[in-house]
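Scroll down for the structure; my scribbles are underneath it.
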Amino acid sequence: MSFIKHIHPVKIPLKALELKSTWALGGMCLVLFVLLMGSGGLMLFSYQPFPELAYASVQSLENQFIFGRMIRSIHYFSANLLVVLVAGHMLRVFFTGGYQGKRRLNWIIGLCIFSLVLLSCFTGYLLPWDQTAFWAVTICINMFDYVPAGGFLKGLFISGDGVSEKTLQLFFTLHTTLIPAALIFFLAIHFWKIRKAKGVVTSGLNDIGEGEKPVMVATHPSLLLREAVAALVLIAFIMILAFAFDAPLDNMANAGLSPNPAKAPWYFSGFQELLLHFHPFFAVFFIPFAIACILIYLPFRQGNIQNEGTWFISDRAKKAAKTAILISVILTPALIFFDEYIFNFQKWFPDIPPILSTGLIPFVLVLTLVFFHHFGMKKKAKLSDAEAFQTSTVFLITAFIILTLTCVWLRGTGMNLIFGGG
């Protein structure tokens, strides 16, 4: 208990207790991580990381161990929810300006944590050794073919025959040992940096008049009680899911029989959808690399430090963000539809390399639309540079969510749209 008290400041602003300040996302991520460590440790008593034994050991866990099925479901739902909540936590930090000033390094650490969470989910995805997992991992590893030095990276994960025992045992080692150790290391630094910064950035503190001091309250019990309630509600939610639904388990992996369609895990589905619209070099390397560079550069750009803690900087920016969501909800499906049934850049430009006809040309067209939206919204809504940047971020995030949902729910046989018939 003394440790829990120590990782918080002795006193915090009263405003920090408002749910909208953080939505308790960071704390819930930590709770999920603990659930994953506990449930994962229990599953190790049954699991055997060999292709001929892995699938049977998962079945044995579910059918022969008391509460084995529930433990696996807790692990499954906790992992998937963790991806959502970590992403939500990072968005909360971004939209409240909590990545600036003395918190710059912690933003980079947060990016490392998010990357490790994705890698942990990806490596754990293969361990049941069923058809869905086997071919999802196969699809993702084959994406290395379009990445610089991808052949070397691909060789680290697979043998000459594709996903095999080498892949399974490497993923098992990463998932159960190296990644958890790295996560514990970065999480410890992350919380220490928050403590050094005297708590998280919270919304509303900038509404205090000049010369006034924020009302402070004792962390214990004001904050700790709220954190305990949030943790118990989250655990109850996960338990209800685990009782109501089983973690999915397809037929045993068969390297000679590919399911149709074969899809990547949902958290990579947005990029798989991009593969259907852009040359693979752009879909699986250039665009993700550009996003990563922007996220790393973000805390070092000139920002509005004085707006730390304020959601969307201003009411004007909030209205612009709502408009951006609406535009993206209309424009993104329209572009997917047109590219599926009308646009055919490779047919229109048969004499130029595919990386230009299906890569550079459509990418430049989409980028033009993004810039048109950015500067159009900036001028029409009279936004500052920082407000316009946030608005464009909302526009792109909405678009990526739609791409992800399209791939997960609307792609059928042959990765055709399910209502397209061909």
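To be explicit about the labels: the chains of the structure tokens are called A, B, and onward in the order shown, and within each one the residues are counted from 1, while ligands get numbers from 1 in the order they are shown.
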
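All residues of protein, DNA or RNA that reach within 8 Å of Ala262 of chain A, judged by only C-alpha atoms and not counting those fewer than 2 positions away in the chain, are A:Thr132, A:Trp135, A:Ala136, A:Ile139, A:Ser258, A:Pro259, A:Asn260, A:Ala264.
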
(message) At a cut-off of 9 Å, using only C-alpha atoms, what residues contact Ser120 of chain A? Leave out same-chain residues fewer than 6 positions from it and give the result as JSON, numbers by chain.
(response) {"A": [79, 171, 174, 175, 176, 179, 180]}

(request) Please provide the set of residues having any atom within 12 Å of Gly124 of chain A, restricted to only C-alpha atoms, with same-chain residues fewer than 3 positions apart removed, written as number ranges by chain. (result) A: 36, 40, 43, 47, 49, 72, 75-76, 79-80, 116-121, 127-129, 133-134, 136-137, 167-177, 179-180, 265

Store the residues picked out above in a file with N, CA, C and O atoms, as a tab-separated table (two decimals), in the first residue's frame.
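again-v2.tsv was written with the following content:
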```tsv
chain	number	residue	atom	x	y	z
A	36	LEU	N	-3.08	-9.85	-17.40
A	36	LEU	CA	-2.41	-10.63	-18.44
A	36	LEU	C	-1.25	-11.43	-17.87
A	36	LEU	O	-1.04	-12.60	-18.24
A	40	GLY	N	-1.66	-15.32	-17.95
A	40	GLY	CA	-0.64	-15.94	-18.79
A	40	GLY	C	0.23	-16.91	-18.01
A	40	GLY	O	0.57	-17.99	-18.51
A	43	MET	N	-1.62	-20.14	-17.60
A	43	MET	CA	-1.70	-20.94	-18.83
A	43	MET	C	-0.40	-21.67	-19.14
A	43	MET	O	-0.39	-22.68	-19.84
A	47	TYR	N	0.48	-25.08	-21.40
A	47	TYR	CA	0.90	-24.86	-22.79
A	47	TYR	C	2.25	-25.51	-23.10
A	47	TYR	O	3.17	-25.49	-22.28
A	49	PRO	N	5.04	-25.33	-26.32
A	49	PRO	CA	5.34	-24.58	-27.55
A	49	PRO	C	5.95	-25.41	-28.67
A	49	PRO	O	7.06	-25.14	-29.16
A	72	ARG	N	-8.27	-18.55	-20.07
A	72	ARG	CA	-7.84	-18.20	-21.44
A	72	ARG	C	-8.68	-17.05	-21.98
A	72	ARG	O	-8.17	-16.16	-22.67
A	75	HIS	N	-7.47	-13.82	-20.51
A	75	HIS	CA	-6.23	-13.41	-21.17
A	75	HIS	C	-6.53	-12.81	-22.55
A	75	HIS	O	-5.97	-11.76	-22.91
A	76	TYR	N	-7.42	-13.44	-23.28
A	76	TYR	CA	-7.75	-12.98	-24.64
A	76	TYR	C	-8.42	-11.61	-24.61
A	76	TYR	O	-7.99	-10.69	-25.33
A	79	ALA	N	-6.05	-8.77	-23.41
A	79	ALA	CA	-5.06	-8.38	-24.41
A	79	ALA	C	-5.67	-7.46	-25.47
A	79	ALA	O	-5.08	-6.43	-25.83
A	80	ASN	N	-6.84	-7.82	-25.96
A	80	ASN	CA	-7.47	-7.00	-26.99
A	80	ASN	C	-7.91	-5.65	-26.45
A	80	ASN	O	-7.75	-4.61	-27.11
A	116	LEU	N	5.43	-2.32	-27.84
A	116	LEU	CA	5.61	-3.60	-27.16
A	116	LEU	C	4.27	-4.31	-26.93
A	116	LEU	O	4.19	-5.54	-27.02
A	117	VAL	N	3.22	-3.54	-26.64
A	117	VAL	CA	1.89	-4.14	-26.47
A	117	VAL	C	1.43	-4.78	-27.78
A	117	VAL	O	0.92	-5.92	-27.79
A	118	LEU	N	1.61	-4.08	-28.89
A	118	LEU	CA	1.24	-4.64	-30.19
A	118	LEU	C	2.06	-5.89	-30.49
A	118	LEU	O	1.53	-6.90	-30.97
A	119	LEU	N	3.36	-5.83	-30.21
A	119	LEU	CA	4.23	-6.98	-30.47
A	119	LEU	C	3.86	-8.15	-29.57
A	119	LEU	O	3.89	-9.31	-30.01
A	120	SER	N	3.49	-7.86	-28.33
A	120	SER	CA	3.07	-8.92	-27.43
A	120	SER	C	1.80	-9.60	-27.92
A	120	SER	O	1.69	-10.84	-27.92
A	121	CYS	N	0.83	-8.80	-28.35
A	121	CYS	CA	-0.41	-9.37	-28.87
A	121	CYS	C	-0.14	-10.19	-30.13
A	121	CYS	O	-0.72	-11.27	-30.32
A	127	LEU	N	0.31	-18.50	-30.71
A	127	LEU	CA	0.55	-19.59	-29.78
A	127	LEU	C	-0.53	-20.68	-29.77
A	127	LEU	O	-0.18	-21.86	-29.58
A	128	PRO	N	-1.82	-20.37	-29.97
A	128	PRO	CA	-2.80	-21.47	-30.03
A	128	PRO	C	-2.60	-22.41	-31.22
A	128	PRO	O	-3.14	-23.52	-31.23
A	129	TRP	N	-1.85	-21.94	-32.23
A	129	TRP	CA	-1.52	-22.76	-33.41
A	129	TRP	C	-2.78	-23.26	-34.12
A	129	TRP	O	-2.89	-24.41	-34.53
A	133	ALA	N	-4.85	-18.08	-36.50
A	133	ALA	CA	-3.59	-17.49	-36.05
A	133	ALA	C	-2.46	-17.78	-37.03
A	133	ALA	O	-1.66	-16.89	-37.35
A	134	PHE	N	-2.38	-19.01	-37.49
A	134	PHE	CA	-1.29	-19.41	-38.39
A	134	PHE	C	-1.26	-18.55	-39.64
A	134	PHE	O	-0.20	-18.02	-40.03
A	136	ALA	N	-2.89	-15.66	-40.20
A	136	ALA	CA	-2.77	-14.23	-39.89
A	136	ALA	C	-1.30	-13.85	-39.72
A	136	ALA	O	-0.84	-12.82	-40.25
A	137	VAL	N	-0.55	-14.68	-38.99
A	137	VAL	CA	0.88	-14.42	-38.80
A	137	VAL	C	1.63	-14.57	-40.12
A	137	VAL	O	2.55	-13.80	-40.42
A	167	THR	N	9.35	-20.44	-35.73
A	167	THR	CA	8.52	-19.26	-35.50
A	167	THR	C	7.78	-19.38	-34.17
A	167	THR	O	7.76	-18.43	-33.37
A	168	LEU	N	7.18	-20.52	-33.94
A	168	LEU	CA	6.38	-20.72	-32.72
A	168	LEU	C	7.25	-20.56	-31.47
A	168	LEU	O	6.85	-19.86	-30.51
A	169	GLN	N	8.42	-21.17	-31.45
A	169	GLN	CA	9.25	-21.10	-30.26
A	169	GLN	C	9.84	-19.71	-30.06
A	169	GLN	O	9.99	-19.24	-28.93
A	170	LEU	N	10.17	-19.02	-31.17
A	170	LEU	CA	10.64	-17.64	-31.05
A	170	LEU	C	9.53	-16.75	-30.49
A	170	LEU	O	9.76	-15.94	-29.58
A	171	PHE	N	8.33	-16.88	-31.04
A	171	PHE	CA	7.20	-16.09	-30.56
A	171	PHE	C	6.88	-16.40	-29.09
A	171	PHE	O	6.56	-15.50	-28.31
A	172	PHE	N	6.99	-17.67	-28.72
A	172	PHE	CA	6.73	-18.07	-27.33
A	172	PHE	C	7.74	-17.40	-26.39
A	172	PHE	O	7.37	-16.87	-25.34
A	173	THR	N	9.02	-17.42	-26.78
A	173	THR	CA	10.05	-16.81	-25.95
A	173	THR	C	9.84	-15.30	-25.83
A	173	THR	O	9.94	-14.73	-24.73
A	174	LEU	N	9.56	-14.66	-26.96
A	174	LEU	CA	9.31	-13.23	-26.93
A	174	LEU	C	8.10	-12.90	-26.08
A	174	LEU	O	8.12	-11.97	-25.25
A	175	HIS	N	7.02	-13.66	-26.25
A	175	HIS	CA	5.75	-13.36	-25.60
A	175	HIS	C	5.79	-13.59	-24.10
A	175	HIS	O	5.15	-12.84	-23.33
A	176	THR	N	6.51	-14.60	-23.66
A	176	THR	CA	6.46	-14.99	-22.25
A	176	THR	C	7.64	-14.47	-21.43
A	176	THR	O	7.59	-14.50	-20.19
A	177	THR	N	8.69	-14.00	-22.09
A	177	THR	CA	9.89	-13.60	-21.35
A	177	THR	C	10.37	-12.20	-21.71
A	177	THR	O	10.35	-11.28	-20.88
A	179	ILE	N	9.41	-9.73	-23.95
A	179	ILE	CA	8.49	-8.59	-24.04
A	179	ILE	C	7.94	-8.21	-22.66
A	179	ILE	O	7.91	-7.02	-22.32
A	180	PRO	N	7.48	-9.16	-21.83
A	180	PRO	CA	7.04	-8.77	-20.48
A	180	PRO	C	8.14	-8.06	-19.69
A	180	PRO	O	7.87	-7.08	-18.98
A	265	PRO	N	-4.43	-9.93	-37.73
A	265	PRO	CA	-5.14	-9.56	-36.50
A	265	PRO	C	-5.78	-8.19	-36.64
A	265	PRO	O	-5.27	-7.33	-37.37
```

(request) Could you give me, as JSON, numbers by chain, the residues within 10 Å of Glu340 of chain A, counting only C-alpha atoms and dropping anything in the same chain fewer than 2 positions from it? (result) {"A": [276, 277, 334, 335, 336, 337, 338, 342, 343, 344, 416, 417, 420]}

(request) Identify, with DSSP run on backbone atoms, the residues in segment 270-307 of chain A assigned to helix (DSSP H, G or I), and express the list as JSON, numbers by chain. (result) {"A": [270, 271, 272, 273, 274, 275, 280, 281, 282, 283, 284, 285, 286, 287, 288, 289, 290, 291, 292, 293, 294, 295, 296, 297, 298, 299, 300, 305, 306, 307]}
